[in-house]
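Worksheet: one structure, shown below.
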Amino acid sequence: MFDPRDLPSANELLEAIQYFSQQGWSPATSTNYSARSATPGHIIISRSGVDKARFQLSDLIMTNLEGEVLPPFQGPGIKPSAETEIHTHLYRLFPQIGCVLHTHSVLGTTLSLEHAAEGQLRFAGYEILKGLEGNATHDMEERLPIVANSQSMPDIIAAMESYLRLPLQIHGFLIAGHGLYTWGRDVASAKRHIETFEFLFECTQVMRRR
Ligand SMILES: [Zn+2]
């Protein structure tokens with residue numbers, strides 16, 4: 001169903017979705033994932049309501065940057081996630097973003113609630129920080145903003161507005177009690193960012209227990 005030019009990205013996205021599910025980062029049909037299509041203004045995105053442990057290539061659909069499902073992907077019950085608006089907003093603002101990934105891990109959820117009042121998590125001194133695009137050393141501080149959860153996507157986008165400006169200084173954000181959004185120039189780099197942040201969440205949790 002995908003244009004041959006989009007098939008590599010769709011397959012890479014599928015592999016990332018399956019990997020995140022194996023890690024327990026997408027329970028109960030939650031989370032959503034997308035990549036930019038070779039056709040300008042179109043994106044490949046996970047459809048809503050699918051168990052990520054059983055996710056298949058046919059569960060990826062295409063929309064435009066208004067979030068409208070494109071033919072031939074329309075059909076009964078086929079809809080993009082409620083959070084598609086966050087994905088399309090990021091693609092519209094930042095041409096360098098080629099992939100947006102959103103996970104619901106236990107640590108992303110609990111740490112984001114615990115640090116909600118501070119409005120951010122801060123990570124410094126970790127070698128793994130180099131997993132985030134553009135970071136060349138451990139000797140730095142990475143900030144991950146935390147915004148309040150809402151069922152209204154425009155509210156979440158408005159809460160992120162001060163961070164989502166050029167030049168883009170952040171690699172992602174947390175929604176309190178909900179999960180992590182991150183992005184990259186392609187699927188591989190966005191997947192690396194998810195893994196980097198999840199590793200940093202674990203380090204934060206382990207250090208806190210000491
Ligand atoms: Zn979510």
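Following the order of the structure tokens, chains are lettered A, B, ..., residues in each are numbered from 1, and ligands are numbered from 1.
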
Exercise for review: Go through the chains and note each residue within 7 Å of ligand 1, using only C-alpha atoms and all ligand atoms, then give the set as a VMD selection string.
Suggested key: chain A and resid 30 to 32 83 102 to 104 178 to 179

Restricted to all heavy atoms, what would the selected residues look like written as a PDB file, in the first residue's frame?
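Result file is again.pdb:
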```
ATOM      1  N   SER A  30      -1.631   2.238  23.991  1.00  0.00           N
ATOM      2  CA  SER A  30      -1.189   3.632  24.048  1.00  0.00           C
ATOM      3  C   SER A  30      -0.037   3.878  23.078  1.00  0.00           C
ATOM      4  O   SER A  30       0.493   2.940  22.489  1.00  0.00           O
ATOM      5  CB  SER A  30      -0.720   3.962  25.464  1.00  0.00           C
ATOM      6  OG  SER A  30       0.460   3.237  25.748  1.00  0.00           O
ATOM      7  N   THR A  31       0.359   5.135  22.989  1.00  0.00           N
ATOM      8  CA  THR A  31       1.516   5.646  22.240  1.00  0.00           C
ATOM      9  C   THR A  31       1.231   5.816  20.743  1.00  0.00           C
ATOM     10  O   THR A  31       0.312   5.192  20.208  1.00  0.00           O
ATOM     11  CB  THR A  31       2.801   4.776  22.383  1.00  0.00           C
ATOM     12  OG1 THR A  31       2.611   3.521  21.683  1.00  0.00           O
ATOM     13  CG2 THR A  31       3.131   4.512  23.849  1.00  0.00           C
ATOM     14  N   ASN A  32       2.035   6.668  20.111  1.00  0.00           N
ATOM     15  CA  ASN A  32       1.886   6.904  18.678  1.00  0.00           C
ATOM     16  C   ASN A  32       3.202   7.328  18.048  1.00  0.00           C
ATOM     17  O   ASN A  32       4.072   7.878  18.716  1.00  0.00           O
ATOM     18  CB  ASN A  32       0.760   7.918  18.396  1.00  0.00           C
ATOM     19  CG  ASN A  32       0.741   9.022  19.415  1.00  0.00           C
ATOM     20  OD1 ASN A  32       1.535   9.935  19.326  1.00  0.00           O
ATOM     21  ND2 ASN A  32      -0.124   8.915  20.431  1.00  0.00           N
ATOM     22  N   GLU A  83      -3.531  12.216  19.270  1.00  0.00           N
ATOM     23  CA  GLU A  83      -2.362  13.076  19.461  1.00  0.00           C
ATOM     24  C   GLU A  83      -1.656  13.431  18.153  1.00  0.00           C
ATOM     25  O   GLU A  83      -0.585  14.038  18.160  1.00  0.00           O
ATOM     26  CB  GLU A  83      -1.385  12.408  20.437  1.00  0.00           C
ATOM     27  CG  GLU A  83      -1.981  12.284  21.827  1.00  0.00           C
ATOM     28  CD  GLU A  83      -1.084  11.558  22.818  1.00  0.00           C
ATOM     29  OE1 GLU A  83       0.144  11.685  22.728  1.00  0.00           O
ATOM     30  OE2 GLU A  83      -1.631  10.856  23.674  1.00  0.00           O
ATOM     31  N   HIS A 102       6.503   8.695  20.381  1.00  0.00           N
ATOM     32  CA  HIS A 102       5.875   8.986  21.681  1.00  0.00           C
ATOM     33  C   HIS A 102       5.627   7.697  22.445  1.00  0.00           C
ATOM     34  O   HIS A 102       4.855   6.857  21.991  1.00  0.00           O
ATOM     35  CB  HIS A 102       4.558   9.725  21.429  1.00  0.00           C
ATOM     36  CG  HIS A 102       3.697   9.885  22.635  1.00  0.00           C
ATOM     37  ND1 HIS A 102       4.134  10.479  23.790  1.00  0.00           N
ATOM     38  CD2 HIS A 102       2.411   9.536  22.865  1.00  0.00           C
ATOM     39  CE1 HIS A 102       3.143  10.482  24.678  1.00  0.00           C
ATOM     40  NE2 HIS A 102       2.091   9.905  24.150  1.00  0.00           N
ATOM     41  N   THR A 103       6.319   7.541  23.592  1.00  0.00           N
ATOM     42  CA  THR A 103       6.194   6.317  24.401  1.00  0.00           C
ATOM     43  C   THR A 103       5.562   6.616  25.757  1.00  0.00           C
ATOM     44  O   THR A 103       5.566   7.767  26.215  1.00  0.00           O
ATOM     45  CB  THR A 103       7.588   5.693  24.626  1.00  0.00           C
ATOM     46  OG1 THR A 103       8.495   6.730  25.016  1.00  0.00           O
ATOM     47  CG2 THR A 103       8.100   5.012  23.378  1.00  0.00           C
ATOM     48  N   HIS A 104       5.034   5.569  26.383  1.00  0.00           N
ATOM     49  CA  HIS A 104       4.439   5.666  27.734  1.00  0.00           C
ATOM     50  C   HIS A 104       5.157   4.670  28.641  1.00  0.00           C
ATOM     51  O   HIS A 104       4.607   3.632  28.987  1.00  0.00           O
ATOM     52  CB  HIS A 104       2.970   5.228  27.709  1.00  0.00           C
ATOM     53  CG  HIS A 104       2.002   6.186  27.117  1.00  0.00           C
ATOM     54  ND1 HIS A 104       0.646   6.090  27.349  1.00  0.00           N
ATOM     55  CD2 HIS A 104       2.159   7.254  26.309  1.00  0.00           C
ATOM     56  CE1 HIS A 104       0.007   7.051  26.689  1.00  0.00           C
ATOM     57  NE2 HIS A 104       0.904   7.769  26.046  1.00  0.00           N
ATOM     58  N   HIS A 178       2.098  11.044  31.858  1.00  0.00           N
ATOM     59  CA  HIS A 178       1.615  10.562  30.567  1.00  0.00           C
ATOM     60  C   HIS A 178       2.734   9.907  29.758  1.00  0.00           C
ATOM     61  O   HIS A 178       2.732   8.696  29.580  1.00  0.00           O
ATOM     62  CB  HIS A 178       0.966  11.760  29.853  1.00  0.00           C
ATOM     63  CG  HIS A 178       0.478  11.493  28.467  1.00  0.00           C
ATOM     64  ND1 HIS A 178      -0.434  12.304  27.829  1.00  0.00           N
ATOM     65  CD2 HIS A 178       0.792  10.526  27.584  1.00  0.00           C
ATOM     66  CE1 HIS A 178      -0.665  11.815  26.618  1.00  0.00           C
ATOM     67  NE2 HIS A 178       0.073  10.752  26.447  1.00  0.00           N
ATOM     68  N   GLY A 179       3.717  10.656  29.304  1.00  0.00           N
ATOM     69  CA  GLY A 179       4.771  10.008  28.516  1.00  0.00           C
ATOM     70  C   GLY A 179       5.712  10.983  27.838  1.00  0.00           C
ATOM     71  O   GLY A 179       5.662  12.192  28.068  1.00  0.00           O
TER      72      GLY A 179
END
```

Practice item. Determine which residues of region 3-199 of chain A receive a DSSP assignment of strand (DSSP E), computed from the backbone, and state them as an MDAnalysis selection string. Key: chainID A and resid 32:36 42:46 60:64 99:103 120:124 141:147 172:175 179:184

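Going from CA of Lys79 (chain A) to CA of Tyr33 (chain A) covers 13.4 Å.
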
Exercise for review: Excluding region 191-206 of chain A and residues on its chain fewer than 5 positions from it, collect all residues at most 9 Å away from it, counting only C-alpha atoms, and give them as a VMD selection string.
Suggested key: chain A and resid 13 16 20 99 101 to 103 105 107 to 108 111 123 126 128 to 133 171 to 172 180 to 184 186

**Study point:** Residue nearest Ser150 (chain A) among A:Ala176, A:Ala116, A:Leu168, A:Leu57 (counting only C-alpha atoms)
**Key:** A:Ala176

Review point. Expressed in Å to a single decimal, how great is the separation between CA of Gln23 (chain A) and CA of Leu164 (chain A)?
Key: 28.7 Å

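Across A:Pro154, A:Gly125, A:Gly119, A:Pro76, the tightest approach to Thr88 (chain A) is made by A:Pro154 when counting only C-alpha atoms.
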